[in-house]
Every structure is written in structure tokens, then in C-alpha cells.
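Here's data20.txt, which has compact mmCIF, N, CA and C atoms:
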# COMPACT_ATOMS: atom_id res chain seq x y z
N MET A 1 94.25 109.01 36.40
CA MET A 1 93.60 108.85 35.12
C MET A 1 94.66 108.56 34.06
N ASN A 2 94.40 107.57 33.26
CA ASN A 2 95.35 107.17 32.22
C ASN A 2 95.00 107.86 30.90
N ILE A 3 95.84 108.81 30.50
CA ILE A 3 95.66 109.53 29.24
C ILE A 3 96.69 109.02 28.26
N LYS A 4 96.26 108.69 27.07
CA LYS A 4 97.16 108.22 26.01
C LYS A 4 97.29 109.34 24.98
N TYR A 5 98.52 109.63 24.58
CA TYR A 5 98.79 110.66 23.57
C TYR A 5 99.25 109.98 22.29
N VAL A 6 98.63 110.38 21.18
CA VAL A 6 98.93 109.77 19.89
C VAL A 6 99.36 110.87 18.91
N GLU A 7 100.57 110.71 18.36
CA GLU A 7 101.08 111.68 17.40
C GLU A 7 100.56 111.35 16.00
N ASN A 8 100.22 112.41 15.28
CA ASN A 8 99.76 112.33 13.89
C ASN A 8 98.66 111.31 13.69
N GLY A 9 97.70 111.35 14.59
CA GLY A 9 96.56 110.46 14.48
C GLY A 9 95.64 110.86 13.34
N VAL A 10 94.90 109.89 12.88
CA VAL A 10 93.84 110.13 11.90
C VAL A 10 92.54 110.00 12.67
N TYR A 11 91.75 111.06 12.67
CA TYR A 11 90.59 111.14 13.54
C TYR A 11 89.30 110.96 12.75
N GLU A 12 88.36 110.32 13.39
CA GLU A 12 87.01 110.25 12.83
C GLU A 12 86.41 111.64 12.91
N ILE A 13 85.74 112.07 11.87
CA ILE A 13 85.17 113.42 11.85
C ILE A 13 84.17 113.60 12.98
N LYS A 14 83.44 112.55 13.34
CA LYS A 14 82.46 112.67 14.44
C LYS A 14 83.17 112.98 15.76
N ASP A 15 84.37 112.42 15.96
CA ASP A 15 85.12 112.69 17.18
C ASP A 15 85.65 114.12 17.21
N LEU A 16 86.12 114.59 16.06
CA LEU A 16 86.57 115.99 15.97
C LEU A 16 85.41 116.94 16.24
N LEU A 17 84.28 116.67 15.61
CA LEU A 17 83.10 117.53 15.78
C LEU A 17 82.65 117.57 17.24
N THR A 18 82.67 116.45 17.91
CA THR A 18 82.28 116.40 19.33
C THR A 18 83.20 117.27 20.16
N LEU A 19 84.51 117.16 19.93
CA LEU A 19 85.48 117.94 20.69
C LEU A 19 85.35 119.43 20.39
N TYR A 20 85.24 119.79 19.13
CA TYR A 20 85.11 121.20 18.76
C TYR A 20 83.80 121.80 19.26
N LYS A 21 82.72 121.04 19.22
CA LYS A 21 81.45 121.54 19.76
C LYS A 21 81.57 121.78 21.26
N ASN A 22 82.23 120.88 21.96
CA ASN A 22 82.42 121.03 23.40
C ASN A 22 83.18 122.32 23.71
N ALA A 23 84.13 122.67 22.84
CA ALA A 23 84.92 123.89 23.04
C ALA A 23 84.17 125.14 22.59
N GLY A 24 83.04 124.95 21.91
CA GLY A 24 82.28 126.09 21.41
C GLY A 24 82.84 126.69 20.13
N TRP A 25 83.66 125.93 19.43
CA TRP A 25 84.29 126.42 18.19
C TRP A 25 83.39 126.06 17.01
N ILE A 26 82.26 126.73 16.93
CA ILE A 26 81.24 126.36 15.95
C ILE A 26 81.62 126.69 14.51
N ALA A 27 82.54 127.63 14.31
CA ALA A 27 82.97 127.93 12.94
C ALA A 27 83.56 126.68 12.29
N TYR A 28 84.19 125.85 13.08
CA TYR A 28 84.79 124.61 12.58
C TYR A 28 83.75 123.54 12.32
N THR A 29 82.68 123.55 13.09
CA THR A 29 81.71 122.46 13.01
C THR A 29 80.67 122.67 11.91
N LYS A 30 80.61 123.87 11.36
CA LYS A 30 79.63 124.16 10.31
C LYS A 30 79.95 123.43 9.01
N GLU A 31 81.25 123.19 8.77
CA GLU A 31 81.68 122.55 7.53
C GLU A 31 82.64 121.40 7.87
N PRO A 32 82.08 120.25 8.22
CA PRO A 32 82.91 119.12 8.63
C PRO A 32 83.97 118.72 7.60
N GLU A 33 83.63 118.81 6.31
CA GLU A 33 84.60 118.42 5.28
C GLU A 33 85.82 119.35 5.27
N LYS A 34 85.61 120.61 5.60
CA LYS A 34 86.73 121.56 5.70
C LYS A 34 87.61 121.24 6.90
N LEU A 35 86.99 120.86 8.01
CA LEU A 35 87.73 120.48 9.20
C LEU A 35 88.57 119.23 8.93
N ALA A 36 87.99 118.25 8.27
CA ALA A 36 88.72 117.03 7.92
C ALA A 36 89.91 117.35 7.01
N LYS A 37 89.70 118.22 6.04
CA LYS A 37 90.79 118.61 5.13
C LYS A 37 91.89 119.34 5.89
N ALA A 38 91.51 120.19 6.82
CA ALA A 38 92.50 120.93 7.61
C ALA A 38 93.40 119.95 8.35
N TYR A 39 92.84 118.91 8.92
CA TYR A 39 93.66 117.92 9.62
C TYR A 39 94.56 117.14 8.66
N ARG A 40 94.02 116.77 7.52
CA ARG A 40 94.85 116.05 6.54
C ARG A 40 96.04 116.89 6.09
N ASN A 41 95.87 118.20 6.01
CA ASN A 41 96.91 119.08 5.49
C ASN A 41 97.81 119.66 6.58
N SER A 42 97.63 119.25 7.81
CA SER A 42 98.43 119.77 8.92
C SER A 42 99.84 119.18 8.89
N LEU A 43 100.77 119.93 9.47
CA LEU A 43 102.14 119.46 9.61
C LEU A 43 102.23 118.38 10.68
N PHE A 44 101.50 118.56 11.78
CA PHE A 44 101.64 117.67 12.93
C PHE A 44 100.43 117.82 13.83
N ASN A 45 100.09 116.76 14.54
CA ASN A 45 99.04 116.85 15.55
C ASN A 45 99.31 115.81 16.64
N ILE A 46 98.74 116.06 17.79
CA ILE A 46 98.76 115.09 18.88
C ILE A 46 97.34 115.04 19.44
N GLY A 47 96.80 113.85 19.55
CA GLY A 47 95.51 113.66 20.17
C GLY A 47 95.67 113.10 21.56
N ALA A 48 94.83 113.53 22.48
CA ALA A 48 94.81 112.99 23.84
C ALA A 48 93.55 112.16 23.99
N PHE A 49 93.72 110.94 24.47
CA PHE A 49 92.60 110.01 24.58
C PHE A 49 92.45 109.50 26.01
N HIS A 50 91.23 109.47 26.48
CA HIS A 50 90.89 108.76 27.72
C HIS A 50 90.08 107.56 27.27
N GLU A 51 90.64 106.39 27.52
CA GLU A 51 90.09 105.16 26.96
C GLU A 51 90.07 105.33 25.44
N GLU A 52 88.95 105.28 24.80
CA GLU A 52 88.91 105.43 23.33
C GLU A 52 88.35 106.79 22.91
N THR A 53 88.13 107.68 23.87
CA THR A 53 87.51 108.97 23.58
C THR A 53 88.55 110.05 23.38
N LEU A 54 88.43 110.78 22.26
CA LEU A 54 89.30 111.92 21.99
C LEU A 54 88.89 113.06 22.92
N ILE A 55 89.79 113.45 23.83
CA ILE A 55 89.46 114.47 24.83
C ILE A 55 90.28 115.75 24.67
N GLY A 56 91.27 115.71 23.79
CA GLY A 56 92.08 116.90 23.57
C GLY A 56 92.93 116.72 22.35
N LEU A 57 93.40 117.83 21.82
CA LEU A 57 94.32 117.76 20.70
C LEU A 57 95.00 119.08 20.46
N ILE A 58 96.09 118.99 19.74
CA ILE A 58 96.82 120.16 19.28
C ILE A 58 97.15 119.92 17.82
N ARG A 59 97.05 120.97 17.02
CA ARG A 59 97.30 120.87 15.58
C ARG A 59 98.26 121.97 15.18
N VAL A 60 99.28 121.59 14.39
CA VAL A 60 100.33 122.51 13.97
C VAL A 60 100.36 122.57 12.45
N ILE A 61 100.51 123.79 11.93
CA ILE A 61 100.76 123.99 10.51
C ILE A 61 102.09 124.73 10.39
N GLY A 62 102.73 124.62 9.25
CA GLY A 62 103.99 125.33 9.07
C GLY A 62 104.93 124.63 8.11
N ASP A 63 106.20 125.11 8.10
CA ASP A 63 107.17 124.58 7.15
C ASP A 63 108.26 123.72 7.80
N ASP A 64 108.26 123.57 9.12
CA ASP A 64 109.24 122.77 9.85
C ASP A 64 110.67 123.24 9.60
N ALA A 65 110.82 124.51 9.22
CA ALA A 65 112.16 125.05 9.00
C ALA A 65 112.33 126.40 9.69
N SER A 66 111.36 127.29 9.48
CA SER A 66 111.50 128.63 10.06
C SER A 66 110.30 129.06 10.89
N ILE A 67 109.13 128.46 10.63
CA ILE A 67 107.93 128.89 11.35
C ILE A 67 106.94 127.74 11.49
N ILE A 68 106.30 127.71 12.64
CA ILE A 68 105.12 126.86 12.81
C ILE A 68 104.03 127.72 13.45
N TYR A 69 102.84 127.30 13.26
CA TYR A 69 101.68 127.98 13.80
C TYR A 69 100.84 126.94 14.54
N VAL A 70 100.61 127.17 15.81
CA VAL A 70 99.72 126.30 16.58
C VAL A 70 98.31 126.75 16.25
N GLN A 71 97.68 126.01 15.38
CA GLN A 71 96.36 126.40 14.89
C GLN A 71 95.27 126.08 15.90
N ASP A 72 95.30 124.88 16.46
CA ASP A 72 94.25 124.46 17.38
C ASP A 72 94.87 123.78 18.58
N ILE A 73 94.40 124.15 19.74
CA ILE A 73 94.69 123.39 20.96
C ILE A 73 93.42 123.46 21.79
N LEU A 74 92.87 122.30 22.10
CA LEU A 74 91.64 122.27 22.87
C LEU A 74 91.56 120.99 23.70
N VAL A 75 90.91 121.13 24.84
CA VAL A 75 90.70 120.02 25.77
C VAL A 75 89.24 120.06 26.21
N ASN A 76 88.61 118.91 26.17
CA ASN A 76 87.22 118.79 26.61
C ASN A 76 87.07 119.40 28.01
N ASP A 77 86.00 120.14 28.22
CA ASP A 77 85.75 120.82 29.50
C ASP A 77 85.88 119.90 30.71
N ASP A 78 85.42 118.66 30.58
CA ASP A 78 85.45 117.73 31.70
C ASP A 78 86.86 117.30 32.09
N TYR A 79 87.84 117.59 31.23
CA TYR A 79 89.22 117.15 31.46
C TYR A 79 90.18 118.32 31.65
N GLN A 80 89.67 119.53 31.69
CA GLN A 80 90.55 120.68 31.87
C GLN A 80 91.05 120.74 33.31
N GLY A 81 92.24 121.30 33.46
CA GLY A 81 92.86 121.42 34.77
C GLY A 81 93.65 120.20 35.19
N LEU A 82 93.79 119.23 34.29
CA LEU A 82 94.53 118.01 34.59
C LEU A 82 95.92 117.98 33.96
N GLY A 83 96.30 119.08 33.30
CA GLY A 83 97.63 119.15 32.68
C GLY A 83 97.68 118.64 31.25
N ILE A 84 96.54 118.30 30.69
CA ILE A 84 96.51 117.75 29.33
C ILE A 84 96.92 118.81 28.30
N GLY A 85 96.34 120.00 28.40
CA GLY A 85 96.70 121.07 27.48
C GLY A 85 98.17 121.43 27.59
N SER A 86 98.68 121.49 28.80
CA SER A 86 100.11 121.79 29.01
C SER A 86 100.97 120.71 28.39
N HIS A 87 100.59 119.46 28.57
CA HIS A 87 101.35 118.36 27.97
C HIS A 87 101.37 118.48 26.45
N LEU A 88 100.22 118.76 25.86
CA LEU A 88 100.15 118.90 24.40
C LEU A 88 101.05 120.04 23.92
N LEU A 89 100.93 121.20 24.54
CA LEU A 89 101.71 122.36 24.11
C LEU A 89 103.21 122.14 24.33
N LYS A 90 103.59 121.65 25.50
CA LYS A 90 105.01 121.41 25.77
C LYS A 90 105.60 120.38 24.82
N SER A 91 104.81 119.39 24.43
CA SER A 91 105.28 118.39 23.47
C SER A 91 105.59 119.03 22.13
N VAL A 92 104.72 119.94 21.69
CA VAL A 92 104.95 120.64 20.42
C VAL A 92 106.16 121.57 20.54
N LEU A 93 106.26 122.31 21.63
CA LEU A 93 107.39 123.23 21.80
C LEU A 93 108.71 122.47 21.83
N LYS A 94 108.73 121.30 22.44
CA LYS A 94 109.95 120.50 22.46
C LYS A 94 110.27 119.95 21.07
N ARG A 95 109.27 119.41 20.41
CA ARG A 95 109.47 118.83 19.07
C ARG A 95 110.00 119.87 18.09
N TYR A 96 109.52 121.11 18.23
CA TYR A 96 109.89 122.16 17.28
C TYR A 96 110.82 123.19 17.91
N SER A 97 111.67 122.76 18.81
CA SER A 97 112.60 123.69 19.46
C SER A 97 113.61 124.29 18.48
N HIS A 98 113.74 123.70 17.30
CA HIS A 98 114.65 124.22 16.27
C HIS A 98 114.01 125.34 15.44
N ILE A 99 112.77 125.64 15.69
CA ILE A 99 112.03 126.65 14.92
C ILE A 99 112.17 128.02 15.57
N ARG A 100 112.45 129.03 14.76
CA ARG A 100 112.63 130.39 15.28
C ARG A 100 111.30 131.03 15.70
N GLN A 101 110.27 130.88 14.88
CA GLN A 101 108.98 131.53 15.17
C GLN A 101 107.90 130.47 15.40
N ILE A 102 107.41 130.45 16.63
CA ILE A 102 106.28 129.60 16.97
C ILE A 102 105.15 130.55 17.34
N VAL A 103 104.09 130.50 16.57
CA VAL A 103 103.04 131.51 16.64
C VAL A 103 101.69 130.87 16.95
N LEU A 104 100.86 131.59 17.67
CA LEU A 104 99.45 131.24 17.80
C LEU A 104 98.67 132.50 18.11
N VAL A 105 97.42 132.48 17.77
CA VAL A 105 96.50 133.57 18.08
C VAL A 105 95.41 132.97 18.96
N THR A 106 95.07 133.67 20.04
CA THR A 106 94.10 133.11 20.97
C THR A 106 93.22 134.20 21.55
N ASP A 107 92.28 133.79 22.36
CA ASP A 107 91.37 134.72 23.02
C ASP A 107 92.11 135.58 24.03
N ASP A 108 91.66 136.80 24.18
CA ASP A 108 92.27 137.75 25.11
C ASP A 108 91.57 137.66 26.46
N THR A 109 91.87 136.56 27.18
CA THR A 109 91.31 136.38 28.52
C THR A 109 92.45 136.14 29.50
N VAL A 110 92.22 136.43 30.75
CA VAL A 110 93.24 136.20 31.79
C VAL A 110 93.60 134.72 31.83
N LYS A 111 92.60 133.85 31.78
CA LYS A 111 92.83 132.41 31.84
C LYS A 111 93.71 131.94 30.67
N THR A 112 93.40 132.41 29.48
CA THR A 112 94.16 131.99 28.31
C THR A 112 95.59 132.52 28.35
N LYS A 113 95.74 133.80 28.67
CA LYS A 113 97.08 134.37 28.75
C LYS A 113 97.91 133.64 29.80
N SER A 114 97.33 133.36 30.94
CA SER A 114 98.02 132.67 32.02
C SER A 114 98.48 131.28 31.57
N PHE A 115 97.62 130.57 30.86
CA PHE A 115 97.97 129.23 30.37
C PHE A 115 99.20 129.27 29.47
N TYR A 116 99.20 130.16 28.49
CA TYR A 116 100.31 130.20 27.54
C TYR A 116 101.59 130.72 28.19
N GLU A 117 101.49 131.70 29.05
CA GLU A 117 102.68 132.20 29.74
C GLU A 117 103.26 131.12 30.65
N LYS A 118 102.41 130.39 31.33
CA LYS A 118 102.85 129.30 32.21
C LYS A 118 103.60 128.23 31.42
N ASN A 119 103.27 128.10 30.15
CA ASN A 119 103.89 127.09 29.31
C ASN A 119 105.00 127.63 28.41
N GLY A 120 105.55 128.80 28.77
CA GLY A 120 106.75 129.29 28.10
C GLY A 120 106.54 130.19 26.90
N MET A 121 105.32 130.63 26.66
CA MET A 121 105.08 131.52 25.52
C MET A 121 104.91 132.95 26.03
N SER A 122 105.13 133.90 25.15
CA SER A 122 105.02 135.32 25.50
C SER A 122 104.17 136.04 24.47
N SER A 123 103.53 137.09 24.92
CA SER A 123 102.77 137.95 24.02
C SER A 123 103.74 138.65 23.07
N VAL A 124 103.31 138.89 21.85
CA VAL A 124 104.16 139.51 20.83
C VAL A 124 104.69 140.86 21.30
N ASP A 125 103.92 141.60 22.07
CA ASP A 125 104.37 142.92 22.51
C ASP A 125 105.60 142.84 23.41
N LYS A 126 105.89 141.69 23.99
CA LYS A 126 107.09 141.51 24.82
C LYS A 126 108.37 141.55 23.97
N PHE A 127 108.21 141.37 22.67
CA PHE A 127 109.35 141.39 21.74
C PHE A 127 109.37 142.68 20.93
N ASP A 128 108.70 143.72 21.44
CA ASP A 128 108.56 144.97 20.70
C ASP A 128 107.96 144.73 19.32
N GLY A 129 107.07 143.77 19.25
CA GLY A 129 106.43 143.43 17.99
C GLY A 129 104.95 143.71 18.03
N VAL A 130 104.36 143.53 16.90
CA VAL A 130 102.92 143.66 16.76
C VAL A 130 102.47 142.56 15.81
N ALA A 131 101.32 142.04 16.02
CA ALA A 131 100.78 141.01 15.13
C ALA A 131 99.60 141.59 14.38
N PHE A 132 99.47 141.18 13.14
CA PHE A 132 98.35 141.61 12.31
C PHE A 132 97.62 140.37 11.81
N ALA A 133 96.34 140.51 11.61
CA ALA A 133 95.54 139.41 11.11
C ALA A 133 94.42 139.98 10.25
N LYS A 134 93.99 139.19 9.31
CA LYS A 134 92.81 139.52 8.52
C LYS A 134 91.91 138.30 8.58
N TYR A 135 90.73 138.48 9.07
CA TYR A 135 89.79 137.39 9.20
C TYR A 135 88.71 137.53 8.14
N ASN A 136 88.42 136.43 7.50
CA ASN A 136 87.32 136.38 6.55
C ASN A 136 86.27 135.46 7.15
N PHE A 137 85.35 136.02 7.88
CA PHE A 137 84.37 135.22 8.60
C PHE A 137 83.36 134.55 7.68
N ASP A 138 83.34 134.94 6.43
CA ASP A 138 82.42 134.32 5.48
C ASP A 138 83.04 133.12 4.77
N ALA A 139 84.33 132.88 4.98
CA ALA A 139 85.01 131.79 4.27
C ALA A 139 84.72 130.45 4.91
Translate this structure into C-alpha cells?
Amino acid sequence: MNIKYVENGVYEIKDLLTLYKNAGWIAYTKEPEKLAKAYRNSLFNIGAFHEETLIGLIRVIGDDASIIYVQDILVNDDYQGLGIGSHLLKSVLKRYSHIRQIVLVTDDTVKTKSFYEKNGMSSVDKFDGVAFAKYNFDA
């Protein structure tokens, strides 16, 4: 299968919505204009395309000096297990190898933990650290 990766792509909102809906990330799909703004304001992104269809992407926010945050990484269900997510994540980790803190927050599942560990990331507790978050689900 021929997958094309595009750095800092500009995406049609309908394509983003299709991908996010496939992933079940409905908080993002409720306000399409907010999702579009989030992409415009991102530091970096990579889209994965099969033919002309957006099938995966990774989005990074941060300062490109001391910290980046992997905000979104998702791959369409029909394309999972093909190494696309690993390619996206490894590309970001390589591009930002000069950054001290590369952070992401994800679901607490065996599958998710295994994916990130396989790709060189560690849980915060491995560094004698703790992570804190405040979620505003009404925002």
C-alpha cells in the first residue's frame, strides 16, 4: 500500500471531521471551527494519505525550544496495524530530538501503552514524576 506523508498540510475540515469521527473523538467534531483553528495554530503536523484520502495524522503544539506536546495522533480504523501511527510518531520524535520534554496524554489501555512504549516513550512515573491535568469538558 502506498502511503504518502505530508508535513504541515492544510486540511479540509470535512476530511478532519471524517477522521476524528472514525476515531470516536466527538468532542472535536462538535465544533468544527474550533478544530480548524486548532490546526491553524499548531506548531507542526503530518498527514498520512492513501490516494487522496486523509487516513492518519499527528499534530504538535509547543515552543520548539524546550517543550512540545503531541496533541493528536490518530489513524483510521481500516488502516491500523500497518505502521502508520508509528511512522507519524517516530517522525515527530526525530524532528524534535532537540527538545527536552515531549509530552502527550492518552487513554489508559494496554494497547495504547504498548504502542507508545514500542515507539520510545515512557510513562511519567518511570521518571519519578507525576502529571497533572485540569479538564474543562464544557469548553
Which residues of segment 47-132 of chain A have any atom within 5 Å of an atom in segment 3-21 of chain A when counting all atoms listed in the file, and what is the closest pair of atoms for each, with the distance in Å to one decimal? Order the rows by chain and rising number and write it as CSV.
residue,atom,partner,partner_atom,distance
A:Gly47,N,A:Val6,C,4.0
A:Ala48,CA,A:Lys4,C,4.6
A:Phe49,N,A:Lys4,C,3.9
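Atom pair atom C of Tyr28 of chain A / atom CA of Tyr79 of chain A has a distance of 20.9 Å (rounded to one decimal).
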**Request:** Dig up all the protein and nucleic acid residues within 7 Å of (102.0, 132.0, 18.4) in the file frame, using only C-alpha atoms, and format them as a ChimeraX atom specification.
**Result:** /A:69-70,102-105
**Prompt:** To one decimal place, how far is atom CA of Ser42 of chain A from atom CA of Ile61 of chain A in Å?
**Reply:** 5.1 Å
**Request:** Find the residues near Val92 of chain A: any atom within 10 Å, counting only C-alpha atoms, skip ones fewer than 5 places away on the same chain, and give them as a count of residues only.
**Result:** 12
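Pairwise distance (atom N of Asp77 of chain A, atom C of Gln101 of chain A) equals 27.4 Å.
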Hey, can I get the axis-aligned box for segment 66-73 of chain A? All listed atoms, 3 Å padding on each side, centre and edge lengths in Å to one decimal, as JSON.
{"center_x": 102.5, "center_y": 126.2, "center_z": 15.6, "size_x": 24.1, "size_y": 11.7, "size_z": 18.3}
**Asked** Looking at only N, CA and C atoms, which of A:Pro32, A:Leu57, A:Gln71, A:Ala65 is the one that sits closest to Arg100 of chain A?
**Response** A:Ala65
**Prompt:** If you count only C-alpha atoms, which residues fall within 12 Å of Lys118 of chain A, apart from same-chain ones fewer than 6 positions away, as a ChimeraX atom specification?
**Reply:** /A:83,85-87,89-90,110-112
Output of the above residues as a compact mmCIF listing (two decimals), in the frame of the given file, restricted to N, CA and C atoms:
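Writing done, so here's out-v9.txt:
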# COMPACT_ATOMS: atom_id res chain seq x y z
N GLY A 83 96.30 119.08 33.30
CA GLY A 83 97.63 119.15 32.68
C GLY A 83 97.68 118.64 31.25
N GLY A 85 96.34 120.00 28.40
CA GLY A 85 96.70 121.07 27.48
C GLY A 85 98.17 121.43 27.59
N SER A 86 98.68 121.49 28.80
CA SER A 86 100.11 121.79 29.01
C SER A 86 100.97 120.71 28.39
N HIS A 87 100.59 119.46 28.57
CA HIS A 87 101.35 118.36 27.97
C HIS A 87 101.37 118.48 26.45
N LEU A 89 100.93 121.20 24.54
CA LEU A 89 101.71 122.36 24.11
C LEU A 89 103.21 122.14 24.33
N LYS A 90 103.59 121.65 25.50
CA LYS A 90 105.01 121.41 25.77
C LYS A 90 105.60 120.38 24.82
N VAL A 110 92.22 136.43 30.75
CA VAL A 110 93.24 136.20 31.79
C VAL A 110 93.60 134.72 31.83
N LYS A 111 92.60 133.85 31.78
CA LYS A 111 92.83 132.41 31.84
C LYS A 111 93.71 131.94 30.67
N THR A 112 93.40 132.41 29.48
CA THR A 112 94.16 131.99 28.31
C THR A 112 95.59 132.52 28.35
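With all atoms listed in the file as the atoms that count, the minimum distance from Gly56 of chain A to the choices A:Ala38, A:Ala131, A:Val75, A:Leu43 is reached by A:Val75.
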**Asked** segment 4-109 of chain A: which residues are alpha helix (DSSP H) by DSSP, as a ChimeraX atom specification?
**Response** /A:13-23,26-29,32-40,84-95
**Message:** So that I can check the secondary structure, give me every residue of segment 17-124 of chain A assigned strand (DSSP E or B) by backbone DSSP, as a count of residues only.
**Reply:** 29
